[in-house]
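J.: Attaching a single structure in structure tokens format; questions to follow.
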Amino acid sequence: MTLAAATNENMAQISNVLIYSSMAVYTLAFLAHIAEWVFGSRSKVGRTAAALTSSGPASAEAPKVQVTKGGSTAVLDRPKVVTRSAAGTRDVPDGPGAHGGTEQGDMYGRIAVSLTVLAALIHVSGVVARALSVMRAPWGNMYEFSITFSAVAVTTYLVLMALGKNVRWMGLILVTTVLLDLGIATKWLYTESDQLVPALDSYWLWIHVSTAIFCGAVFYLGAVGTALYLFRDSYENKLASGGKPGSFASSVLERLPSAASLDKFSYRINAAVFPLWTFTIIAGAIWAGDAWGRYWGWDPKEVFSFVTWMAYAAYLHARATAGWKGRKAAYLALFAFACFLWNYYGVNMVISGKHSYAGV
Amino acid sequence: MSKTDTTPETASDDLGAAGSQLSTAPKEELPNLPSLGVIGWARWFWRQLTSMRVALLLLFMLSLGAIPGSLVPQNSVDELKVEQFKLAHETLTPIYEKLQLFDVYSSVWFSAIYILLFVSLIGCIVPRTWQFVGQLKGRPPGAPKRLTRLPAYTTWRTEAAPEDVREEALKLLKGRRFRSHIEGDAVTAEKGYTREAGNLLFHISLIVMLVAFAVGVLFKSEGGKLVVEGDGGFANVLPQYDDFRSGALFDNDSLERFSFQLDEFEDDYERKGPATGTARTFKAHVQYTEGVDGPLKKKAIEVNSPLEVGDSTVYLIAHGYAPVVTVKDPSGKVVFSGAVPLLPIDANITSTGAIKIPDGYRNKDGKKEQLGFNAFFVPTFAGHGKGDMLSQFPAPDFPVLALSAYHGSLGIDSGLPQNVYQLDTTKMKEFKDKNGELLKQRLLPGETMKLPDGQGSITYEKELKEWASFQIKQQPGNGWALGGAIAAIFGLAGSLFIQRRRVWVRAVRGEDGVTVVEMAGLGRSESAKVPEELGDLAAVLHSKAPSAPAEDSETSPESEAVPAEGAEK
Ligand code: HEM
């Protein structure tokens, strides 16, 4: 018994060391990202401005994306597919990324990504060690939620990148917020590893809380895309109407993907997670039914899950409603994510309800 | 407004027809004010209510409307907190009461929002379902004249005969589970109906869930019962409940027939570390019988694992101690012997309660009297002279029972409901000790407190029992709610992950006798998958109808620079 306790304490210690180490590596990744942005700012490719301001028939020309895959034997060339955007969409090419097409910038960017991979590995091991130290899912208090939350966000980002998706533009923001999250977690939310109170001890914990954390982390990536969309969209609007954005704004925004790409990115992310979020709420209701004898009791945590769900549902509706796409839908998505965050931090710390269990 | 906000109805072209019926979403209509009197207005109102725009607004309002309920204490959640709030905020209270902010979720305005939303939903779902059935019965529209204008397009020339190319294309598309047919010189194909079906299923499931919740609220019953280890137990009939509530349409006869008794309550607490005293196990070991005389079954009810019998669920709510006491009259006759459940007042289960002896007791003069004792119990006593009488630990490590004694009338006979755990001493007299003060004593297990003047005694027996309280809940409609929820998730997944799209393949003989094949794809939303899929299809078809030798005059499709229409984002 005492022996087991000792190994557990060791494990908890190891977990702490790993989390701190990952923060150190994330800091290096952060610096590398900064270097990438700085070197990238030397590039002077104003592609967006060119696409939006050059007048005449050229601007009406649709971008030509050609899908040519394999099969190119000498005789039989596979037919090329030409795609066109829907009428009225702005045809703006995506920015080159933080490195701005510069070689040095790109090198630092690659270093940043490698460091992020390393940091994420350490980070995830830290979460696993924490789980081993308590011999349960590491989701019993806010410290554990927070370290898992950012681990999932980074992992999702890296997986998307490995799948060849264009997500490198969010590297700096992501690493910064992960550092913030880990900093808050270790400084203010730290709780000694411990067993669970009986009400939390159920396999629904695994299901409900793991999906909740996952949804939150992925919604976060969507929200980053949405926020950048809003900036980039104003930038493009300004250019299109002949305005002249400030040099810092244009240097940064020029390198981001086009507003349309950012918008599509966040829509896909949010739409993909929404069914899982629905499931999370239902799983929570089932668990509440078992643990507290009622499925739904408008406990503050339940209220905000509901508010978040409704807000994301409104967002998805908005996307299907003419006149509500674009910026208005984006504001809805940000509102929805704000509700999620509030549910995660605010409700636990400010409002007391049945869910505030673990002494923060 | 940004330029990305395009309204599809501005696209007017033969492509409009190609893209029609690709979904059942209602068209956005600008609010034309009617001039047609009452019916016109009613129709206008109905159109508005069932439009996507209003549905969106209502969704958003419901989301905002739910928020105050988490910031202001709610009667439905914690009445005590509401009372405290009302005392602390004198000016706000009347305003909040007017706005029903203490009962947000049953308030008129909150109900109005969700009722409107669900009327809108039904008004939307019915015509959409018919439309979808119509689309399934009918055929997707034929190929538009100029396929080059579609979002994904490809073409090549081949020596195969046009009829053969069309047959080949039809076979290919059917093989890929497109609904396809040949119309004129082109093949028309459509796939992804699951999207629409999933979307309809999702919205219908929402209605099913709402109805199930409503049924649950109207027909539910809910009550509490405290059971002591080894005592009589509980049979599920109304008189056996300690407290009972039910929905408006609940019928007493519909209580599920079952009974159970508590064999043992098992609890276990953390003995070291920062969380000392935190509970690690709560288990109520019960034996229960389904129906009137079914076989006895065993079950350990835990916080997360209730006992389920039919529609009823028995939850473990709380637990505490029930010291066993024996009360004797002056002649030494036992007038009461049994466990007395006491209510915990703190986390270490310091408990209070009352022991009441309504009949059987006669005093020294042979007169009938009632006895009452105030009881105070700590499972782990701090030790004599150490602080106050509060428990140090929830397990019974050093149990002590403190009693004070009264006689007279318990006030039970007045017919007014009485709290079992409180002694009403208004009609009782204190037993006095030697100093003329209220007789009270701390007892260790096995010790006895003598009443003065040989009026009898009360013994705290060595046996200590525990009690558990249960909530027995019966709520029909849960199955439907759960079924609806699961269907909603599947519907959503279908609706969000599947693209509905069309493919056209046209093959005509050109003037030089060579066949020109054109293929085009259109999705409901712009997506990278549509051109990818078209590329795959084209590659397969191309292998069956390979390119004719190149010719200089071949025009590249890229030369045409008109953005596609009919596709929505
Ligand atoms: C409780 C109320 C409602 C909720 C939670 C809800 C939720 C949703 C969600 C999450 C979607 C996205 C799925 C998708 O894009 O296919 C959706 C789509 C849709 N909803 Fe609702 N909805 C509600 C009420 C309504 C009402 C009242 C209407 C009719 C006016 C409606 C019409 C539609 C339509 C037409 C779509 C599909 C849009 C498309 O095809 O892209 N919904 N709804």
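Residue numbering restarts at 1 for every chain of the structure tokens, chains are lettered A, B, ... in their displayed order, and ligands are numbered from 1 as they appear.
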Could you pull the residues within 6 Å of range 370-383 of chain B, counting only C-alpha atoms, minus those fewer than 5 positions along the same chain, as a list in words?
T.: Thr350, Ser351, Thr352, Gly353, Ala354, Ile355, Lys356, Ile357, Pro358, Ser391, Gln392, Phe393, Ala395, Pro396, Asp397, Phe398, Pro399, Val400, Leu401, Ala402, Leu403, Ser404, Ala405, Tyr406, His407, Gly408 and Ser409 of chain B
J.: Quick one: everything within 12 Å of Ala212 in chain A, counting only C-alpha atoms, minus sequence neighbours fewer than 5 positions away in the same chain. Send it as a PyMOL selection string.
T.: chain A and resi 139+145-146+148-149+152+204-207+217-219+273-284+305+308-309+340-341+343-344
J.: Keeping only N, CA, C and O atoms, write the selected residues to a file as a compact mmCIF listing (two decimals), in the first residue's frame.
T.:
# COMPACT_ATOMS: atom_id res chain seq x y z
N TRP A 139 -8.73 13.35 -15.63
CA TRP A 139 -9.67 14.44 -15.83
C TRP A 139 -10.51 14.67 -14.58
O TRP A 139 -11.72 14.75 -14.64
N PHE A 145 -7.82 18.91 -16.51
CA PHE A 145 -8.53 19.31 -17.74
C PHE A 145 -7.62 20.17 -18.60
O PHE A 145 -7.51 19.98 -19.80
N SER A 146 -7.00 21.15 -17.96
CA SER A 146 -6.25 22.14 -18.74
C SER A 146 -5.08 21.52 -19.47
O SER A 146 -4.87 21.81 -20.65
N THR A 148 -4.73 18.47 -20.38
CA THR A 148 -5.21 17.60 -21.44
C THR A 148 -5.74 18.42 -22.61
O THR A 148 -5.49 18.11 -23.78
N PHE A 149 -6.46 19.47 -22.27
CA PHE A 149 -7.06 20.34 -23.29
C PHE A 149 -6.01 20.83 -24.29
O PHE A 149 -6.15 20.65 -25.50
N VAL A 152 -4.53 18.08 -26.47
CA VAL A 152 -5.39 17.68 -27.59
C VAL A 152 -5.34 18.73 -28.70
O VAL A 152 -5.27 18.40 -29.89
N TRP A 204 -18.79 6.84 -17.31
CA TRP A 204 -19.28 7.98 -18.09
C TRP A 204 -18.29 9.14 -18.01
O TRP A 204 -18.27 10.01 -18.86
N LEU A 205 -17.50 9.16 -16.94
CA LEU A 205 -16.48 10.20 -16.84
C LEU A 205 -15.56 10.12 -18.05
O LEU A 205 -15.28 11.11 -18.71
N TRP A 206 -15.12 8.90 -18.31
CA TRP A 206 -14.22 8.70 -19.46
C TRP A 206 -14.86 9.21 -20.73
O TRP A 206 -14.24 9.90 -21.53
N ILE A 207 -16.11 8.84 -20.89
CA ILE A 207 -16.77 9.16 -22.16
C ILE A 207 -17.10 10.65 -22.23
O ILE A 207 -16.68 11.35 -23.16
N ALA A 217 -11.06 21.50 -27.50
CA ALA A 217 -9.78 21.75 -28.13
C ALA A 217 -9.96 22.00 -29.62
O ALA A 217 -9.34 22.90 -30.20
N VAL A 218 -10.84 21.22 -30.25
CA VAL A 218 -11.01 21.37 -31.69
C VAL A 218 -11.82 22.63 -32.01
O VAL A 218 -11.51 23.36 -32.95
N PHE A 219 -12.85 22.89 -31.20
CA PHE A 219 -13.58 24.15 -31.37
C PHE A 219 -12.62 25.33 -31.28
O PHE A 219 -12.79 26.34 -31.94
N VAL A 273 -17.11 18.82 -35.56
CA VAL A 273 -17.15 18.52 -34.13
C VAL A 273 -18.56 18.58 -33.57
O VAL A 273 -18.84 17.98 -32.53
N PHE A 274 -19.44 19.32 -34.24
CA PHE A 274 -20.76 19.52 -33.67
C PHE A 274 -21.49 18.22 -33.28
O PHE A 274 -22.02 18.13 -32.18
N PRO A 275 -21.50 17.19 -34.14
CA PRO A 275 -22.17 15.96 -33.71
C PRO A 275 -21.54 15.37 -32.44
O PRO A 275 -22.26 14.87 -31.57
N LEU A 276 -20.24 15.48 -32.34
CA LEU A 276 -19.57 14.94 -31.15
C LEU A 276 -19.95 15.77 -29.92
O LEU A 276 -20.13 15.23 -28.82
N TRP A 277 -20.08 17.05 -30.11
CA TRP A 277 -20.49 17.92 -29.00
C TRP A 277 -21.91 17.55 -28.55
O TRP A 277 -22.22 17.50 -27.36
N THR A 278 -22.77 17.28 -29.55
CA THR A 278 -24.13 16.83 -29.23
C THR A 278 -24.06 15.57 -28.39
O THR A 278 -24.73 15.43 -27.37
N PHE A 279 -23.21 14.66 -28.83
CA PHE A 279 -23.05 13.41 -28.08
C PHE A 279 -22.54 13.67 -26.67
O PHE A 279 -23.00 13.05 -25.71
N THR A 280 -21.61 14.59 -26.54
CA THR A 280 -21.05 14.92 -25.22
C THR A 280 -22.16 15.33 -24.26
O THR A 280 -22.20 14.90 -23.11
N ILE A 281 -23.04 16.19 -24.75
CA ILE A 281 -24.11 16.68 -23.87
C ILE A 281 -25.04 15.53 -23.50
O ILE A 281 -25.45 15.39 -22.35
N ILE A 282 -25.33 14.68 -24.47
CA ILE A 282 -26.23 13.56 -24.18
C ILE A 282 -25.58 12.61 -23.18
O ILE A 282 -26.21 12.15 -22.22
N ALA A 283 -24.28 12.34 -23.39
CA ALA A 283 -23.58 11.46 -22.45
C ALA A 283 -23.58 12.08 -21.06
O ALA A 283 -23.77 11.38 -20.06
N GLY A 284 -23.41 13.40 -20.99
CA GLY A 284 -23.46 14.07 -19.71
C GLY A 284 -24.81 13.92 -19.05
O GLY A 284 -24.91 13.69 -17.84
N SER A 305 -23.61 24.40 -21.41
CA SER A 305 -23.48 23.42 -22.49
C SER A 305 -24.60 23.62 -23.49
O SER A 305 -24.40 23.58 -24.71
N THR A 308 -24.05 26.82 -25.47
CA THR A 308 -23.02 26.60 -26.48
C THR A 308 -23.58 25.80 -27.65
O THR A 308 -23.36 26.13 -28.82
N TRP A 309 -24.33 24.78 -27.32
CA TRP A 309 -24.88 23.91 -28.37
C TRP A 309 -25.80 24.69 -29.26
O TRP A 309 -25.73 24.64 -30.49
N PHE A 340 -18.39 28.38 -24.60
CA PHE A 340 -17.68 27.15 -24.22
C PHE A 340 -16.59 27.47 -23.19
O PHE A 340 -16.47 26.80 -22.16
N LEU A 341 -15.83 28.50 -23.49
CA LEU A 341 -14.73 28.87 -22.58
C LEU A 341 -15.26 29.24 -21.20
O LEU A 341 -14.73 28.84 -20.17
N ASN A 343 -17.93 28.28 -19.88
CA ASN A 343 -18.41 27.06 -19.22
C ASN A 343 -17.25 26.33 -18.58
O ASN A 343 -17.38 25.72 -17.51
N TYR A 344 -16.11 26.44 -19.21
CA TYR A 344 -14.95 25.67 -18.81
C TYR A 344 -14.25 26.33 -17.63
O TYR A 344 -13.96 25.70 -16.63
J.: Going by DSSP on the backbone, which residues of range 143-252 of chain A come out as helix (DSSP H, G or I)? List them as a PyMOL selection string.
T.: chain A and resi 143-162+168-188+198-200+203-240+247-252
J.: Show me, as a ChimeraX atom specification, the residues that have an atom within 9 Å of Asn166 in chain A when counting only C-alpha atoms, minus same-chain residues fewer than 4 positions from it.
T.: /A:160-161,257
J.: Restricting it to all heavy atoms, dump the selection as a PDB file, in the first residue's frame.
T.:
ATOM      1  N   LEU A 160      -3.590  17.411 -38.334  1.00  0.00           N
ATOM      2  CA  LEU A 160      -4.091  18.080 -39.540  1.00  0.00           C
ATOM      3  C   LEU A 160      -2.935  18.395 -40.481  1.00  0.00           C
ATOM      4  O   LEU A 160      -3.026  18.220 -41.691  1.00  0.00           O
ATOM      5  CB  LEU A 160      -4.819  19.375 -39.174  1.00  0.00           C
ATOM      6  CG  LEU A 160      -6.208  19.195 -38.565  1.00  0.00           C
ATOM      7  CD1 LEU A 160      -6.789  20.547 -38.167  1.00  0.00           C
ATOM      8  CD2 LEU A 160      -7.146  18.513 -39.552  1.00  0.00           C
ATOM      9  N   MET A 161      -1.822  18.835 -39.885  1.00  0.00           N
ATOM     10  CA  MET A 161      -0.674  19.163 -40.722  1.00  0.00           C
ATOM     11  C   MET A 161      -0.129  17.907 -41.395  1.00  0.00           C
ATOM     12  O   MET A 161       0.163  17.911 -42.587  1.00  0.00           O
ATOM     13  CB  MET A 161       0.406  19.833 -39.881  1.00  0.00           C
ATOM     14  CG  MET A 161       1.419  20.536 -40.738  1.00  0.00           C
ATOM     15  SD  MET A 161       2.710  21.338 -39.813  1.00  0.00           S
ATOM     16  CE  MET A 161       1.880  22.215 -38.579  1.00  0.00           C
ATOM     17  N   PRO A 257      -3.930  32.721 -45.111  1.00  0.00           N
ATOM     18  CA  PRO A 257      -4.771  32.240 -46.212  1.00  0.00           C
ATOM     19  C   PRO A 257      -5.867  33.258 -46.501  1.00  0.00           C
ATOM     20  O   PRO A 257      -6.167  34.112 -45.661  1.00  0.00           O
ATOM     21  CB  PRO A 257      -5.373  30.948 -45.667  1.00  0.00           C
ATOM     22  CG  PRO A 257      -4.491  30.534 -44.544  1.00  0.00           C
ATOM     23  CD  PRO A 257      -3.912  31.788 -43.983  1.00  0.00           C
TER      24      PRO A 257
END
J.: Using only C-alpha atoms, which protein or nucleic acid residues come within 9 Å of range 254-261 of chain B? Drop anything in the same chain fewer than 6 positions from it, and give the result as a VMD selection string.
T.: chain B and resid 221 227 to 238 285 to 294 296 309 to 312 474
J.: Using only C-alpha atoms, which protein or nucleic acid residues come within 9 Å of Pro306 in chain B? Drop anything in the same chain fewer than 6 positions from it, and give the result as a list of chain:residue names.
T.: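 So, after excluding close chain neighbours, the residues are A:Asp290, A:Ala291, A:Gly293, B:Ala300, B:Thr313, B:Val314, B:Tyr315, B:Leu316.
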J.: Take the residues from that selection and put them in a file with C-alpha atoms, as a PDB file, in the first residue's frame.
T.:
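Written file, out-v3.pdb:
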ATOM      1  CA  ASP A 290     -27.229   7.995 -12.914  1.00  0.00           C
ATOM      2  CA  ALA A 291     -25.288  10.152 -10.499  1.00  0.00           C
ATOM      3  CA  GLY A 293     -31.074  11.181 -10.227  1.00  0.00           C
TER       4      GLY A 293
ATOM      5  CA  ALA B 300     -25.527  -2.866  -4.569  1.00  0.00           C
ATOM      6  CA  THR B 313     -35.237   4.059 -10.730  1.00  0.00           C
ATOM      7  CA  VAL B 314     -34.009   3.986  -7.151  1.00  0.00           C
ATOM      8  CA  TYR B 315     -31.137   6.354  -6.488  1.00  0.00           C
ATOM      9  CA  LEU B 316     -28.927   6.443  -3.441  1.00  0.00           C
TER      10      LEU B 316
END
J.: Considering only C-alpha atoms and all ligand atoms, give me a table of residues in chain A that are at most 12 Å from ligand 1, with the closest atom pair and distance in Å for each, as CSV.
T.:
residue,atom,partner,partner_atom_place_in_ligand_line,distance
A:Tyr267,CA,ligand 1,15 (O),10.4
A:Arg268,CA,ligand 1,15 (O),10.9
A:Asn270,CA,ligand 1,10 (C),10.4
A:Ala271,CA,ligand 1,12 (C),7.7
A:Ala272,CA,ligand 1,13 (C),10.4
A:Val273,CA,ligand 1,10 (C),10.9
A:Phe274,CA,ligand 1,10 (C),7.4
A:Pro275,CA,ligand 1,10 (C),8.2
A:Leu276,CA,ligand 1,10 (C),11.5
A:Trp277,CA,ligand 1,10 (C),10.7
A:Thr278,CA,ligand 1,10 (C),9.2
A:Phe306,CA,ligand 1,5 (C),10.1
A:Val307,CA,ligand 1,5 (C),10.8
A:Thr308,CA,ligand 1,5 (C),11.1
A:Trp309,CA,ligand 1,5 (C),7.9
A:Met310,CA,ligand 1,5 (C),6.1
A:Ala311,CA,ligand 1,5 (C),9.0
A:Tyr312,CA,ligand 1,10 (C),7.2
A:Ala313,CA,ligand 1,10 (C),4.2
A:Ala314,CA,ligand 1,7 (C),6.9
A:Tyr315,CA,ligand 1,10 (C),8.1
A:Leu316,CA,ligand 1,12 (C),5.0
A:His317,CA,ligand 1,17 (C),5.3
A:Ala318,CA,ligand 1,38 (C),8.7
A:Arg319,CA,ligand 1,41 (O),7.2
A:Ala320,CA,ligand 1,41 (O),4.6
A:Thr321,CA,ligand 1,38 (C),7.5
A:Ala322,CA,ligand 1,38 (C),10.6
A:Lys325,CA,ligand 1,41 (O),11.6
J.: Give me a file of those residues, with N, CA, C and O atoms, as an mmCIF file, in the first residue's frame.
T.:
data_model
loop_
_atom_site.group_PDB
_atom_site.id
_atom_site.type_symbol
_atom_site.label_atom_id
_atom_site.label_comp_id
_atom_site.auth_asym_id
_atom_site.auth_seq_id
_atom_site.Cartn_x
_atom_site.Cartn_y
_atom_site.Cartn_z
ATOM 1 N N TYR A 267 -15.493 26.558 -40.745
ATOM 2 C CA TYR A 267 -16.777 25.883 -40.899
ATOM 3 C C TYR A 267 -16.598 24.372 -40.824
ATOM 4 O O TYR A 267 -17.316 23.668 -40.125
ATOM 5 N N ARG A 268 -15.608 23.853 -41.562
ATOM 6 C CA ARG A 268 -15.401 22.399 -41.587
ATOM 7 C C ARG A 268 -15.129 21.888 -40.192
ATOM 8 O O ARG A 268 -15.675 20.866 -39.763
ATOM 9 N N ASN A 270 -15.852 23.269 -37.225
ATOM 10 C CA ASN A 270 -17.004 23.351 -36.339
ATOM 11 C C ASN A 270 -18.056 22.327 -36.703
ATOM 12 O O ASN A 270 -18.643 21.688 -35.834
ATOM 13 N N ALA A 271 -18.302 22.178 -38.003
ATOM 14 C CA ALA A 271 -19.324 21.222 -38.431
ATOM 15 C C ALA A 271 -18.906 19.802 -38.080
ATOM 16 O O ALA A 271 -19.729 18.979 -37.691
ATOM 17 N N ALA A 272 -17.607 19.529 -38.182
ATOM 18 C CA ALA A 272 -17.159 18.165 -37.904
ATOM 19 C C ALA A 272 -17.292 17.837 -36.424
ATOM 20 O O ALA A 272 -17.582 16.697 -36.067
ATOM 21 N N VAL A 273 -17.115 18.816 -35.559
ATOM 22 C CA VAL A 273 -17.149 18.524 -34.129
ATOM 23 C C VAL A 273 -18.559 18.584 -33.572
ATOM 24 O O VAL A 273 -18.844 17.985 -32.533
ATOM 25 N N PHE A 274 -19.439 19.316 -34.243
ATOM 26 C CA PHE A 274 -20.761 19.523 -33.666
ATOM 27 C C PHE A 274 -21.487 18.220 -33.282
ATOM 28 O O PHE A 274 -22.021 18.128 -32.180
ATOM 29 N N PRO A 275 -21.501 17.194 -34.138
ATOM 30 C CA PRO A 275 -22.167 15.958 -33.707
ATOM 31 C C PRO A 275 -21.540 15.368 -32.442
ATOM 32 O O PRO A 275 -22.257 14.866 -31.571
ATOM 33 N N LEU A 276 -20.238 15.479 -32.337
ATOM 34 C CA LEU A 276 -19.569 14.943 -31.145
ATOM 35 C C LEU A 276 -19.949 15.774 -29.916
ATOM 36 O O LEU A 276 -20.126 15.233 -28.819
ATOM 37 N N TRP A 277 -20.081 17.052 -30.111
ATOM 38 C CA TRP A 277 -20.492 17.921 -29.001
ATOM 39 C C TRP A 277 -21.913 17.553 -28.551
ATOM 40 O O TRP A 277 -22.219 17.504 -27.365
ATOM 41 N N THR A 278 -22.774 17.284 -29.546
ATOM 42 C CA THR A 278 -24.130 16.831 -29.231
ATOM 43 C C THR A 278 -24.060 15.565 -28.391
ATOM 44 O O THR A 278 -24.734 15.433 -27.367
ATOM 45 N N PHE A 306 -25.795 23.838 -22.955
ATOM 46 C CA PHE A 306 -26.958 24.037 -23.809
ATOM 47 C C PHE A 306 -26.793 25.312 -24.632
ATOM 48 O O PHE A 306 -27.029 25.313 -25.843
ATOM 49 N N VAL A 307 -26.353 26.392 -23.971
ATOM 50 C CA VAL A 307 -26.186 27.664 -24.672
ATOM 51 C C VAL A 307 -25.154 27.493 -25.798
ATOM 52 O O VAL A 307 -25.367 27.929 -26.924
ATOM 53 N N THR A 308 -24.051 26.816 -25.471
ATOM 54 C CA THR A 308 -23.020 26.597 -26.483
ATOM 55 C C THR A 308 -23.580 25.803 -27.652
ATOM 56 O O THR A 308 -23.357 26.129 -28.816
ATOM 57 N N TRP A 309 -24.330 24.776 -27.316
ATOM 58 C CA TRP A 309 -24.876 23.910 -28.365
ATOM 59 C C TRP A 309 -25.804 24.695 -29.262
ATOM 60 O O TRP A 309 -25.734 24.641 -30.486
ATOM 61 N N MET A 310 -26.715 25.450 -28.647
ATOM 62 C CA MET A 310 -27.667 26.253 -29.407
ATOM 63 C C MET A 310 -26.923 27.252 -30.287
ATOM 64 O O MET A 310 -27.304 27.494 -31.424
ATOM 65 N N ALA A 311 -25.869 27.864 -29.726
ATOM 66 C CA ALA A 311 -25.153 28.886 -30.482
ATOM 67 C C ALA A 311 -24.454 28.251 -31.694
ATOM 68 O O ALA A 311 -24.481 28.813 -32.791
ATOM 69 N N TYR A 312 -23.871 27.073 -31.499
ATOM 70 C CA TYR A 312 -23.258 26.418 -32.666
ATOM 71 C C TYR A 312 -24.322 25.980 -33.668
ATOM 72 O O TYR A 312 -24.111 26.047 -34.882
ATOM 73 N N ALA A 313 -25.476 25.548 -33.159
ATOM 74 C CA ALA A 313 -26.564 25.186 -34.078
ATOM 75 C C ALA A 313 -26.982 26.420 -34.867
ATOM 76 O O ALA A 313 -27.204 26.350 -36.079
ATOM 77 N N ALA A 314 -27.066 27.560 -34.179
ATOM 78 C CA ALA A 314 -27.424 28.803 -34.876
ATOM 79 C C ALA A 314 -26.380 29.125 -35.929
ATOM 80 O O ALA A 314 -26.712 29.534 -37.043
ATOM 81 N N TYR A 315 -25.112 28.906 -35.587
ATOM 82 C CA TYR A 315 -24.039 29.166 -36.552
ATOM 83 C C TYR A 315 -24.209 28.298 -37.791
ATOM 84 O O TYR A 315 -24.129 28.780 -38.926
ATOM 85 N N LEU A 316 -24.469 26.996 -37.581
ATOM 86 C CA LEU A 316 -24.621 26.109 -38.735
ATOM 87 C C LEU A 316 -25.829 26.520 -39.571
ATOM 88 O O LEU A 316 -25.797 26.465 -40.796
ATOM 89 N N HIS A 317 -26.903 26.952 -38.897
ATOM 90 C CA HIS A 317 -28.063 27.454 -39.632
ATOM 91 C C HIS A 317 -27.685 28.690 -40.432
ATOM 92 O O HIS A 317 -28.086 28.842 -41.567
ATOM 93 N N ALA A 318 -26.915 29.555 -39.772
ATOM 94 C CA ALA A 318 -26.552 30.809 -40.419
ATOM 95 C C ALA A 318 -25.815 30.525 -41.718
ATOM 96 O O ALA A 318 -26.010 31.205 -42.721
ATOM 97 N N ARG A 319 -24.974 29.486 -41.680
ATOM 98 C CA ARG A 319 -24.222 29.159 -42.889
ATOM 99 C C ARG A 319 -25.130 28.744 -44.024
ATOM 100 O O ARG A 319 -24.763 28.825 -45.181
ATOM 101 N N ALA A 320 -26.329 28.235 -43.674
ATOM 102 C CA ALA A 320 -27.243 27.785 -44.726
ATOM 103 C C ALA A 320 -28.250 28.863 -45.069
ATOM 104 O O ALA A 320 -29.124 28.665 -45.892
ATOM 105 N N THR A 321 -28.154 30.017 -44.430
ATOM 106 C CA THR A 321 -29.133 31.073 -44.644
ATOM 107 C C THR A 321 -28.481 32.225 -45.376
ATOM 108 O O THR A 321 -27.531 32.815 -44.882
ATOM 109 N N ALA A 322 -29.016 32.543 -46.529
ATOM 110 C CA ALA A 322 -28.457 33.649 -47.289
ATOM 111 C C ALA A 322 -28.530 34.914 -46.466
ATOM 112 O O ALA A 322 -29.464 35.134 -45.714
ATOM 113 N N LYS A 325 -24.360 34.461 -43.981
ATOM 114 C CA LYS A 325 -23.035 33.857 -44.083
ATOM 115 C C LYS A 325 -21.978 34.884 -43.768
ATOM 116 O O LYS A 325 -22.279 36.038 -43.533
#
